[in-house]
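Enquirer: Structure: run17.pdb, PDB, C-alpha atoms.
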```pdb
ATOM      1  CA  MET A   1     -46.816 -27.499 -10.215
ATOM      2  CA  PRO A   2     -44.181 -29.485 -12.137
ATOM      3  CA  HIS A   3     -43.340 -33.122 -11.479
ATOM      4  CA  LEU A   4     -41.689 -33.709  -8.126
ATOM      5  CA  THR A   5     -37.994 -32.956  -7.956
ATOM      6  CA  ASP A   6     -35.500 -35.552  -6.776
ATOM      7  CA  ALA A   7     -35.161 -33.594  -3.534
ATOM      8  CA  GLN A   8     -38.924 -33.741  -2.959
ATOM      9  CA  LYS A   9     -38.993 -37.481  -3.644
ATOM     10  CA  ASP A  10     -36.136 -37.968  -1.193
ATOM     11  CA  ALA A  11     -37.982 -35.895   1.421
ATOM     12  CA  TYR A  12     -41.118 -38.002   1.010
ATOM     13  CA  ALA A  13     -39.109 -41.232   1.290
ATOM     14  CA  ARG A  14     -37.417 -39.943   4.449
ATOM     15  CA  ASP A  15     -40.338 -38.243   6.203
ATOM     16  CA  GLY A  16     -43.389 -40.078   4.813
ATOM     17  CA  PHE A  17     -45.062 -36.834   3.764
ATOM     18  CA  LEU A  18     -44.560 -33.807   1.555
ATOM     19  CA  CYS A  19     -46.137 -30.362   1.919
ATOM     20  CA  PRO A  20     -47.089 -27.809   0.972
ATOM     21  CA  LEU A  21     -47.406 -28.289  -2.764
ATOM     22  CA  ASP A  22     -48.985 -25.486  -4.789
ATOM     23  CA  ILE A  23     -51.583 -27.216  -6.971
ATOM     24  CA  LEU A  24     -54.731 -25.117  -7.466
ATOM     25  CA  THR A  25     -54.823 -21.347  -7.546
ATOM     26  CA  PRO A  26     -56.766 -19.713  -4.695
ATOM     27  CA  LYS A  27     -59.483 -18.837  -7.231
ATOM     28  CA  GLU A  28     -59.709 -22.465  -8.387
ATOM     29  CA  ALA A  29     -59.910 -23.652  -4.781
ATOM     30  CA  ALA A  30     -62.739 -21.188  -4.125
ATOM     31  CA  THR A  31     -64.576 -22.545  -7.178
ATOM     32  CA  GLU A  32     -64.224 -26.136  -5.974
ATOM     33  CA  ARG A  33     -65.419 -25.139  -2.521
ATOM     34  CA  ALA A  34     -68.441 -23.397  -4.015
ATOM     35  CA  LEU A  35     -69.317 -26.547  -5.959
ATOM     36  CA  VAL A  36     -69.190 -28.678  -2.806
ATOM     37  CA  GLU A  37     -71.265 -26.248  -0.791
ATOM     38  CA  GLY A  38     -73.646 -26.012  -3.729
ATOM     39  CA  LEU A  39     -74.207 -29.771  -3.467
ATOM     40  CA  GLU A  40     -75.000 -29.387   0.219
ATOM     41  CA  ARG A  41     -77.428 -26.547  -0.511
ATOM     42  CA  ASP A  42     -79.130 -27.924  -3.607
ATOM     43  CA  HIS A  43     -79.577 -31.463  -2.324
ATOM     44  CA  ALA A  44     -80.550 -30.747   1.263
ATOM     45  CA  ASP A  45     -83.173 -33.504   1.039
ATOM     46  CA  ARG A  46     -80.416 -36.128   0.709
ATOM     47  CA  PRO A  47     -77.774 -37.367   3.185
ATOM     48  CA  VAL A  48     -75.140 -35.418   1.252
ATOM     49  CA  ALA A  49     -72.697 -35.370   4.150
ATOM     50  CA  ASP A  50     -72.622 -39.174   4.133
ATOM     51  CA  TYR A  51     -72.079 -39.333   0.366
ATOM     52  CA  LEU A  52     -69.272 -36.794   0.522
ATOM     53  CA  ARG A  53     -67.489 -38.771   3.247
ATOM     54  CA  LEU A  54     -67.703 -42.151   1.524
ATOM     55  CA  ALA A  55     -66.692 -42.736  -2.112
ATOM     56  CA  ALA A  56     -67.789 -39.243  -3.107
ATOM     57  CA  HIS A  57     -66.595 -39.747  -6.687
ATOM     58  CA  MET A  58     -69.248 -42.437  -7.197
ATOM     59  CA  ALA A  59     -72.114 -40.165  -6.111
ATOM     60  CA  THR A  60     -71.093 -36.918  -7.844
ATOM     61  CA  ASP A  61     -68.587 -35.992 -10.514
ATOM     62  CA  VAL A  62     -67.537 -32.809  -8.681
ATOM     63  CA  PRO A  63     -64.425 -34.259  -6.952
ATOM     64  CA  LEU A  64     -63.212 -35.833 -10.194
ATOM     65  CA  ARG A  65     -62.343 -32.356 -11.448
ATOM     66  CA  VAL A  66     -59.502 -32.287  -8.910
ATOM     67  CA  ALA A  67     -58.816 -36.031  -8.740
ATOM     68  CA  ARG A  68     -58.010 -36.099 -12.469
ATOM     69  CA  ASP A  69     -56.219 -32.749 -12.584
ATOM     70  CA  PRO A  70     -52.820 -33.239 -14.278
ATOM     71  CA  ARG A  71     -51.153 -31.117 -11.617
ATOM     72  CA  VAL A  72     -52.314 -33.484  -8.887
ATOM     73  CA  LEU A  73     -51.447 -36.585 -10.900
ATOM     74  CA  ASP A  74     -48.012 -35.266 -11.844
ATOM     75  CA  ALA A  75     -47.163 -35.000  -8.144
ATOM     76  CA  VAL A  76     -48.656 -38.411  -7.356
ATOM     77  CA  GLU A  77     -46.714 -39.958 -10.246
ATOM     78  CA  GLY A  78     -43.527 -38.875  -8.527
ATOM     79  CA  ILE A  79     -44.438 -41.245  -5.686
ATOM     80  CA  LEU A  80     -46.272 -44.112  -7.400
ATOM     81  CA  GLY A  81     -44.984 -44.085 -10.953
ATOM     82  CA  PRO A  82     -46.931 -43.749 -14.222
ATOM     83  CA  ASP A  83     -49.824 -46.159 -13.513
ATOM     84  CA  ILE A  84     -52.283 -44.663 -11.042
ATOM     85  CA  MET A  85     -55.698 -45.694  -9.729
ATOM     86  CA  LEU A  86     -58.010 -43.566  -7.596
ATOM     87  CA  TRP A  87     -59.107 -45.932  -4.834
ATOM     88  CA  SER A  88     -61.261 -43.645  -2.703
ATOM     89  CA  CYS A  89     -62.297 -40.033  -2.469
ATOM     90  CA  GLU A  90     -63.918 -38.027   0.305
ATOM     91  CA  TYR A  91     -64.409 -34.538   1.638
ATOM     92  CA  PHE A  92     -63.189 -34.088   5.179
ATOM     93  CA  ILE A  93     -64.983 -31.089   6.674
ATOM     94  CA  LYS A  94     -64.563 -29.538  10.111
ATOM     95  CA  GLU A  95     -67.230 -26.985  10.847
ATOM     96  CA  ALA A  96     -66.357 -23.548  12.188
ATOM     97  CA  CYS A  97     -65.610 -23.401  15.915
ATOM     98  CA  SER A  98     -65.739 -27.183  16.121
ATOM     99  CA  HIS A  99     -64.231 -29.220  18.937
ATOM    100  CA  LYS A 100     -63.977 -32.277  16.704
ATOM    101  CA  VAL A 101     -60.527 -33.821  16.390
ATOM    102  CA  VAL A 102     -58.903 -36.777  14.664
ATOM    103  CA  SER A 103     -56.807 -39.033  16.870
ATOM    104  CA  TRP A 104     -53.382 -40.421  16.000
ATOM    105  CA  HIS A 105     -53.732 -43.273  13.521
ATOM    106  CA  GLN A 106     -52.275 -45.020  10.482
ATOM    107  CA  ASP A 107     -54.542 -45.185   7.430
ATOM    108  CA  LEU A 108     -53.460 -48.586   6.161
ATOM    109  CA  THR A 109     -54.746 -50.254   9.312
ATOM    110  CA  TYR A 110     -58.232 -50.172   7.772
ATOM    111  CA  TRP A 111     -57.838 -50.466   4.020
ATOM    112  CA  GLY A 112     -57.570 -54.178   3.319
ATOM    113  CA  MET A 113     -54.187 -53.727   1.661
ATOM    114  CA  ASP A 114     -50.814 -55.133   2.602
ATOM    115  CA  GLY A 115     -49.272 -52.083   4.253
ATOM    116  CA  SER A 116     -46.893 -51.621   1.340
ATOM    117  CA  ASP A 117     -45.578 -48.512  -0.382
ATOM    118  CA  HIS A 118     -48.044 -48.778  -3.261
ATOM    119  CA  GLU A 119     -50.346 -45.966  -2.113
ATOM    120  CA  VAL A 120     -50.380 -42.276  -1.277
ATOM    121  CA  THR A 121     -53.011 -39.910   0.079
ATOM    122  CA  ALA A 122     -53.348 -36.440  -1.440
ATOM    123  CA  TRP A 123     -55.055 -33.877   0.825
ATOM    124  CA  VAL A 124     -56.171 -30.776  -1.119
ATOM    125  CA  ALA A 125     -57.207 -27.717   0.883
ATOM    126  CA  LEU A 126     -60.330 -25.982  -0.435
ATOM    127  CA  SER A 127     -60.371 -23.567   2.496
ATOM    128  CA  ASP A 128     -57.758 -22.432   4.989
ATOM    129  CA  ALA A 129     -56.189 -25.398   6.800
ATOM    130  CA  SER A 130     -54.033 -23.542   9.295
ATOM    131  CA  GLU A 131     -53.044 -24.829  12.728
ATOM    132  CA  ALA A 132     -55.938 -22.829  14.182
ATOM    133  CA  ALA A 133     -58.291 -24.492  11.703
ATOM    134  CA  GLY A 134     -57.151 -27.971  12.726
ATOM    135  CA  CYS A 135     -54.665 -28.911  10.029
ATOM    136  CA  MET A 136     -53.094 -32.336   9.938
ATOM    137  CA  ARG A 137     -50.045 -33.124  12.022
ATOM    138  CA  PHE A 138     -47.509 -35.733  10.993
ATOM    139  CA  VAL A 139     -44.778 -37.622  12.853
ATOM    140  CA  PRO A 140     -41.849 -37.583  10.397
ATOM    141  CA  GLY A 141     -40.387 -40.986   9.649
ATOM    142  CA  SER A 142     -43.134 -42.951  11.402
ATOM    143  CA  HIS A 143     -44.061 -44.594   8.089
ATOM    144  CA  GLU A 144     -40.884 -46.648   8.467
ATOM    145  CA  ARG A 145     -42.611 -48.597  11.214
ATOM    146  CA  GLN A 146     -44.948 -51.448  10.469
ATOM    147  CA  LEU A 147     -48.634 -51.123  11.331
ATOM    148  CA  VAL A 148     -49.031 -50.799  15.079
ATOM    149  CA  PRO A 149     -52.024 -51.824  17.234
ATOM    150  CA  HIS A 150     -55.009 -49.478  17.303
ATOM    151  CA  GLU A 151     -57.883 -49.333  19.747
ATOM    152  CA  ASP A 152     -61.442 -48.035  19.477
ATOM    153  CA  THR A 153     -62.367 -45.220  21.881
ATOM    154  CA  PHE A 154     -65.730 -44.132  20.408
ATOM    155  CA  ALA A 155     -64.929 -40.663  21.765
ATOM    156  CA  ALA A 156     -67.723 -38.177  21.045
ATOM    157  CA  ASP A 157     -65.354 -35.470  19.793
ATOM    158  CA  ASN A 158     -63.469 -37.782  17.400
ATOM    159  CA  LEU A 159     -64.313 -37.508  13.694
ATOM    160  CA  LEU A 160     -63.156 -41.057  13.038
ATOM    161  CA  SER A 161     -66.109 -43.423  13.024
ATOM    162  CA  ARG A 162     -64.928 -45.494  15.984
ATOM    163  CA  GLY A 163     -62.589 -42.975  17.561
ATOM    164  CA  GLN A 164     -59.805 -45.332  16.613
ATOM    165  CA  GLU A 165     -56.329 -44.374  17.724
ATOM    166  CA  ILE A 166     -52.831 -45.761  17.920
ATOM    167  CA  ALA A 167     -52.419 -47.929  21.021
ATOM    168  CA  VAL A 168     -48.756 -47.003  21.500
ATOM    169  CA  GLU A 169     -47.413 -43.737  22.867
ATOM    170  CA  VAL A 170     -46.964 -40.892  20.387
ATOM    171  CA  ASP A 171     -44.662 -38.071  21.456
ATOM    172  CA  GLU A 172     -46.501 -34.859  20.534
ATOM    173  CA  ALA A 173     -43.169 -33.033  20.499
ATOM    174  CA  ASP A 174     -42.205 -35.001  17.395
ATOM    175  CA  ALA A 175     -45.236 -33.828  15.408
ATOM    176  CA  VAL A 176     -45.039 -31.376  12.506
ATOM    177  CA  ALA A 177     -48.005 -29.188  11.537
ATOM    178  CA  ALA A 178     -48.969 -29.574   7.876
ATOM    179  CA  ALA A 179     -50.676 -26.210   7.426
ATOM    180  CA  LEU A 180     -52.119 -25.551   3.966
ATOM    181  CA  SER A 181     -53.557 -22.503   2.244
ATOM    182  CA  PRO A 182     -56.509 -22.877  -0.147
ATOM    183  CA  GLY A 183     -55.295 -24.700  -3.260
ATOM    184  CA  GLN A 184     -52.280 -26.294  -1.611
ATOM    185  CA  MET A 185     -51.860 -30.052  -1.201
ATOM    186  CA  SER A 186     -50.019 -32.493   1.016
ATOM    187  CA  LEU A 187     -49.027 -36.078   0.246
ATOM    188  CA  HIS A 188     -48.654 -38.702   2.960
ATOM    189  CA  HIS A 189     -47.948 -42.405   3.326
ATOM    190  CA  GLY A 190     -50.573 -44.785   4.697
ATOM    191  CA  ARG A 191     -48.353 -45.958   7.564
ATOM    192  CA  LEU A 192     -47.528 -42.406   8.692
ATOM    193  CA  PHE A 193     -48.731 -41.428  12.169
ATOM    194  CA  HIS A 194     -51.063 -38.457  11.714
ATOM    195  CA  ALA A 195     -53.808 -36.587  13.562
ATOM    196  CA  SER A 196     -55.494 -33.185  13.675
ATOM    197  CA  GLY A 197     -56.864 -30.795  16.267
ATOM    198  CA  PRO A 198     -60.075 -28.749  16.572
ATOM    199  CA  ASN A 199     -61.092 -25.959  14.216
ATOM    200  CA  THR A 200     -61.034 -22.836  16.358
ATOM    201  CA  THR A 201     -61.688 -20.435  13.460
ATOM    202  CA  ALA A 202     -64.925 -18.869  12.228
ATOM    203  CA  ASP A 203     -64.747 -20.666   8.869
ATOM    204  CA  ARG A 204     -65.174 -24.274   7.815
ATOM    205  CA  ARG A 205     -62.069 -26.339   7.134
ATOM    206  CA  ILE A 206     -62.719 -28.259   3.901
ATOM    207  CA  GLY A 207     -60.265 -30.769   2.495
ATOM    208  CA  LEU A 208     -60.632 -33.093  -0.471
ATOM    209  CA  VAL A 209     -58.935 -36.391   0.356
ATOM    210  CA  LEU A 210     -57.814 -38.489  -2.622
ATOM    211  CA  ARG A 211     -56.325 -41.927  -2.078
ATOM    212  CA  TYR A 212     -54.267 -43.212  -4.985
ATOM    213  CA  ILE A 213     -52.776 -46.665  -5.425
ATOM    214  CA  ARG A 214     -50.693 -48.530  -7.957
ATOM    215  CA  PRO A 215     -52.738 -51.078  -9.920
ATOM    216  CA  ASP A 216     -50.548 -53.880  -8.550
ATOM    217  CA  THR A 217     -51.461 -53.086  -4.922
ATOM    218  CA  PRO A 218     -52.553 -56.373  -3.310
ATOM    219  CA  SER A 219     -56.018 -56.724  -1.790
ATOM    220  CA  THR A 220     -56.203 -58.795   1.384
ATOM    221  CA  GLY A 221     -59.977 -59.215   1.218
ATOM    222  CA  GLN A 222     -61.917 -62.067  -0.333
ATOM    223  CA  GLY A 223     -64.554 -59.998  -2.142
ATOM    224  CA  LYS A 224     -64.496 -57.549  -5.018
ATOM    225  CA  ASP A 225     -62.627 -54.258  -4.804
ATOM    226  CA  PHE A 226     -62.787 -51.296  -7.181
ATOM    227  CA  GLY A 227     -60.582 -48.540  -8.554
ATOM    228  CA  VAL A 228     -60.741 -45.744 -11.113
ATOM    229  CA  LEU A 229     -57.812 -45.736 -13.528
ATOM    230  CA  VAL A 230     -56.766 -42.074 -13.780
ATOM    231  CA  ARG A 231     -53.386 -42.415 -15.486
ATOM    232  CA  GLY A 232     -51.449 -45.127 -17.283
ATOM    233  CA  ILE A 233     -52.412 -48.791 -17.655
ATOM    234  CA  ASP A 234     -53.767 -51.485 -15.342
ATOM    235  CA  ARG A 235     -51.802 -54.616 -16.245
ATOM    236  CA  HIS A 236     -52.856 -56.601 -13.184
ATOM    237  CA  GLY A 237     -56.654 -56.678 -12.907
ATOM    238  CA  ILE A 238     -56.647 -56.984  -9.127
ATOM    239  CA  ARG A 239     -59.536 -54.533  -8.887
ATOM    240  CA  ALA A 240     -62.547 -53.966 -11.090
ATOM    241  CA  THR A 241     -62.030 -50.762 -13.054
ATOM    242  CA  VAL A 242     -64.935 -48.350 -12.591
ATOM    243  CA  ALA A 243     -65.893 -45.502 -14.919
ATOM    244  CA  PRO A 244     -67.599 -42.846 -12.750
ATOM    245  CA  LEU A 245     -70.788 -41.348 -14.158
ATOM    246  CA  LEU A 246     -71.572 -37.704 -14.854
ATOM    247  CA  GLY A 247     -74.032 -35.808 -12.692
ATOM    248  CA  ASP A 248     -74.918 -35.433  -9.031
ATOM    249  CA  PHE A 249     -76.731 -38.181  -7.115
ATOM    250  CA  THR A 250     -78.569 -39.500 -10.183
ATOM    251  CA  PRO A 251     -80.307 -42.897  -9.934
ATOM    252  CA  ALA A 252     -77.542 -44.493 -12.013
ATOM    253  CA  GLN A 253     -74.864 -42.967  -9.798
ATOM    254  CA  MET A 254     -76.643 -44.120  -6.655
ATOM    255  CA  ARG A 255     -76.774 -47.692  -7.983
ATOM    256  CA  LEU A 256     -73.053 -47.575  -8.747
ATOM    257  CA  TYR A 257     -72.325 -45.958  -5.382
ATOM    258  CA  GLU A 258     -74.189 -48.692  -3.514
ATOM    259  CA  GLU A 259     -72.455 -51.438  -5.479
ATOM    260  CA  VAL A 260     -68.972 -50.035  -4.967
ATOM    261  CA  THR A 261     -69.346 -49.224  -1.283
ATOM    262  CA  GLY A 262     -71.176 -52.461  -0.569
ATOM    263  CA  ARG A 263     -68.611 -54.669  -2.298
ATOM    264  CA  GLN A 264     -65.680 -52.802  -0.781
ATOM    265  CA  ALA A 265     -67.253 -53.351   2.630
ATOM    266  CA  GLU A 266     -67.100 -57.085   1.970
ATOM    267  CA  VAL A 267     -63.401 -56.766   1.143
ATOM    268  CA  LEU A 268     -62.323 -54.474   3.934
ATOM    269  CA  ALA A 269     -64.750 -54.553   6.827
ATOM    270  CA  SER A 270     -63.542 -57.577   8.741
ATOM    271  CA  GLY A 271     -64.279 -56.754  12.362
ATOM    272  CA  LEU A 272     -65.840 -53.393  11.527
ATOM    273  CA  ASP A 273     -69.411 -52.331  12.137
ATOM    274  CA  SER A 274     -70.044 -50.438   8.914
ATOM    275  CA  ALA A 275     -68.622 -49.435   5.568
ATOM    276  CA  GLN A 276     -68.064 -45.936   6.958
ATOM    277  CA  ASP A 277     -65.037 -47.340   8.805
ATOM    278  CA  LEU A 278     -63.341 -48.130   5.506
ATOM    279  CA  TYR A 279     -62.539 -44.540   4.661
ATOM    280  CA  SER A 280     -62.087 -42.941   8.060
ATOM    281  CA  GLY A 281     -58.411 -42.424   7.704
ATOM    282  CA  ALA A 282     -57.708 -38.793   6.845
ATOM    283  CA  ALA A 283     -57.629 -35.932   9.257
TER     284      ALA A 283
END
```
As a first step, turn the structure in this file into structure tokens.
Expert:
Amino acid sequence: MPHLTDAQKDAYARDGFLCPLDILTPKEAATERALVEGLERDHADRPVADYLRLAAHMATDVPLRVARDPRVLDAVEGILGPDIMLWSCEYFIKEACSHKVVSWHQDLTYWGMDGSDHEVTAWVALSDASEAAGCMRFVPGSHERQLVPHEDTFAADNLLSRGQEIAVEVDEADAVAAALSPGQMSLHHGRLFHASGPNTTADRRIGLVLRYIRPDTPSTGQGKDFGVLVRGIDRHGIRATVAPLLGDFTPAQMRLYEEVTGRQAEVLASGLDSAQDLYSGAA
């Protein structure tokens, strides 16, 4: 995957998303999937699902293989420019034949940032993310709106922690399905309206969600926030720069994980019940 073309940049600016982008080969995607499922298998005595959903790159170095991949960063650079921080990282998994959905929402509602254009979410498919598997759906151009009110539904079938959803009407006819094959990636803006449906297939739908920001992205919280510099230079020092550790769920990683997630909760969790709410923004 080369750097984004001018036409692709224009499409992202117009629509608020870009997909599909061919990033990993199908074989590479299968390898990354095997590593994730290996973590689930080999560490069954731990709450691995929780670690993979919240700052996964602090608990295991597995997602950093993709998060630091030059092909991913080349595409992200086309949106953010040459200085890039990885702000959060999670695996978003829908089990086979699952009724779980993700309601319409805007990510930046929950991130303790200023709703600016200094961020982008990369969603990398490690398994099939077809419409039948519950791929993301986007409303083109909705990122041009400011953040709209959201309400908590606590719906049992909603994968978001509070079942949060946009409190204004969303016309389903305007939505575009962002289907991805294994190894493909989408990019979307944090103000973009997006959602996803159930996984009606016999296989898991596994996506690696990488949230990148520019180092000059303001933080609206009063506490300490963190980021991993993955390309370029941080000239601003708004966030503490973290160097993730090697290994899987080691004591040192768990200490770092608790510090990062705990401090970010102080920054972002105003009015929220738990740190889990901080990252529930992909689909």
Enquirer: How many Å separate atom CA of A:Gly183 from atom CA of A:Glu28?
Expert: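 Here the two named atoms are 7.1 Å from each other.
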Enquirer: Residues of stretch 43-162 of chain A that approach stretch 31-38 of chain A to 8 Å or less, counting all atoms listed in the file: could you list each one with the shortest pair of atoms and its distance in Å to one decimal, rows by chain and increasing residue number, as CSV?
Expert:
```
residue,atom,partner,partner_atom,distance
A:Val62,CA,A:Leu35,CA,7.1
A:Leu126,CA,A:Arg33,CA,5.6
A:Ser127,CA,A:Arg33,CA,7.3
```
Enquirer: Nearest to A:Ala13 among A:His105, A:Arg71, A:His143, A:Lys100, with distances taken over only C-alpha atoms: which residue is it?
Expert: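 When distances to A:Ala13 are compared using only C-alpha atoms, the smallest one comes from A:His143.
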Enquirer: What lies within 12 Å of stretch 68-70 of chain A using only C-alpha atoms, ignoring chain neighbours under 2 positions off, as a ChimeraX atom specification?
Expert: /A:1-3,23-24,28,57,61-66,72-77,84-86,89,122,124,210,212,228-231,244
Enquirer: Output the residue selection produced by the PyMOL selection byres ((chain A and resi 249) around 10) on the file above, formatted as a VMD selection string.
Expert: chain A and resid 39 43 46 48 51 56 58 to 61 245 to 248 250 to 255 257
Enquirer: So what does the PyMOL selection byres ((chain A and resi 182) around 12) actually pick up in this one, as a PyMOL selection string?
Expert: chain A and resi 20-33+123-130+135+179-181+183-186+204-208
Enquirer: When distances are computed from all atoms listed in the file, which of A:Ala265, A:Leu256, A:Ile79, A:Ala195 shows the smallest separation from A:Asp6?
Expert: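 Smallest distance to A:Asp6 is found for A:Ile79.
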Enquirer: Which residues are near stretch 187-189 of chain A? Cut-off 6 Å, only C-alpha atoms, ignore same chain within fewer than 4 positions. Put them as a PyMOL selection string.
Expert: chain A and resi 16-18+120-122
Enquirer: As a PDB file, in the coordinates of the input, please: stretch 116-134 of chain A completed to N, CA and C atoms.
Expert:
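Result file part06.pdb:
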```pdb
ATOM      1  N   SER A 116     -48.078 -51.860   2.165  1.00  0.00           N
ATOM      2  CA  SER A 116     -46.893 -51.621   1.340  1.00  0.00           C
ATOM      3  C   SER A 116     -46.756 -50.142   0.980  1.00  0.00           C
ATOM      4  N   ASP A 117     -45.832 -49.882   0.064  1.00  0.00           N
ATOM      5  CA  ASP A 117     -45.578 -48.512  -0.382  1.00  0.00           C
ATOM      6  C   ASP A 117     -46.282 -48.215  -1.700  1.00  0.00           C
ATOM      7  N   HIS A 118     -47.364 -48.908  -1.977  1.00  0.00           N
ATOM      8  CA  HIS A 118     -48.044 -48.778  -3.261  1.00  0.00           C
ATOM      9  C   HIS A 118     -49.151 -47.743  -3.255  1.00  0.00           C
ATOM     10  N   GLU A 119     -49.239 -46.920  -2.226  1.00  0.00           N
ATOM     11  CA  GLU A 119     -50.346 -45.966  -2.113  1.00  0.00           C
ATOM     12  C   GLU A 119     -49.838 -44.615  -1.629  1.00  0.00           C
ATOM     13  N   VAL A 120     -50.664 -43.597  -1.825  1.00  0.00           N
ATOM     14  CA  VAL A 120     -50.380 -42.276  -1.277  1.00  0.00           C
ATOM     15  C   VAL A 120     -51.703 -41.528  -1.155  1.00  0.00           C
ATOM     16  N   THR A 121     -51.832 -40.748  -0.102  1.00  0.00           N
ATOM     17  CA  THR A 121     -53.011 -39.910   0.079  1.00  0.00           C
ATOM     18  C   THR A 121     -52.663 -38.466  -0.247  1.00  0.00           C
ATOM     19  N   ALA A 122     -53.471 -37.865  -1.122  1.00  0.00           N
ATOM     20  CA  ALA A 122     -53.348 -36.440  -1.440  1.00  0.00           C
ATOM     21  C   ALA A 122     -54.460 -35.697  -0.703  1.00  0.00           C
ATOM     22  N   TRP A 123     -54.103 -34.668   0.043  1.00  0.00           N
ATOM     23  CA  TRP A 123     -55.055 -33.877   0.825  1.00  0.00           C
ATOM     24  C   TRP A 123     -55.023 -32.457   0.249  1.00  0.00           C
ATOM     25  N   VAL A 124     -56.107 -32.068  -0.424  1.00  0.00           N
ATOM     26  CA  VAL A 124     -56.171 -30.776  -1.119  1.00  0.00           C
ATOM     27  C   VAL A 124     -57.041 -29.818  -0.312  1.00  0.00           C
ATOM     28  N   ALA A 125     -56.480 -28.703   0.081  1.00  0.00           N
ATOM     29  CA  ALA A 125     -57.207 -27.717   0.883  1.00  0.00           C
ATOM     30  C   ALA A 125     -58.095 -26.848  -0.007  1.00  0.00           C
ATOM     31  N   LEU A 126     -59.396 -26.860   0.276  1.00  0.00           N
ATOM     32  CA  LEU A 126     -60.330 -25.982  -0.435  1.00  0.00           C
ATOM     33  C   LEU A 126     -60.683 -24.758   0.396  1.00  0.00           C
ATOM     34  N   SER A 127     -60.274 -24.744   1.630  1.00  0.00           N
ATOM     35  CA  SER A 127     -60.371 -23.567   2.496  1.00  0.00           C
ATOM     36  C   SER A 127     -59.093 -23.526   3.321  1.00  0.00           C
ATOM     37  N   ASP A 128     -58.963 -22.551   4.178  1.00  0.00           N
ATOM     38  CA  ASP A 128     -57.758 -22.432   4.989  1.00  0.00           C
ATOM     39  C   ASP A 128     -57.630 -23.640   5.915  1.00  0.00           C
ATOM     40  N   ALA A 129     -56.464 -24.274   5.906  1.00  0.00           N
ATOM     41  CA  ALA A 129     -56.189 -25.398   6.800  1.00  0.00           C
ATOM     42  C   ALA A 129     -54.960 -25.052   7.628  1.00  0.00           C
ATOM     43  N   SER A 130     -55.105 -24.007   8.422  1.00  0.00           N
ATOM     44  CA  SER A 130     -54.033 -23.542   9.295  1.00  0.00           C
ATOM     45  C   SER A 130     -54.026 -24.390  10.572  1.00  0.00           C
ATOM     46  N   GLU A 131     -53.047 -24.135  11.434  1.00  0.00           N
ATOM     47  CA  GLU A 131     -53.044 -24.829  12.728  1.00  0.00           C
ATOM     48  C   GLU A 131     -54.305 -24.485  13.513  1.00  0.00           C
ATOM     49  N   ALA A 132     -54.727 -23.222  13.462  1.00  0.00           N
ATOM     50  CA  ALA A 132     -55.938 -22.829  14.182  1.00  0.00           C
ATOM     51  C   ALA A 132     -57.175 -23.516  13.628  1.00  0.00           C
ATOM     52  N   ALA A 133     -57.147 -23.837  12.333  1.00  0.00           N
ATOM     53  CA  ALA A 133     -58.291 -24.492  11.703  1.00  0.00           C
ATOM     54  C   ALA A 133     -58.255 -26.012  11.853  1.00  0.00           C
ATOM     55  N   GLY A 134     -57.225 -26.534  12.506  1.00  0.00           N
ATOM     56  CA  GLY A 134     -57.151 -27.971  12.726  1.00  0.00           C
ATOM     57  C   GLY A 134     -56.508 -28.724  11.593  1.00  0.00           C
TER      58      GLY A 134
END
```
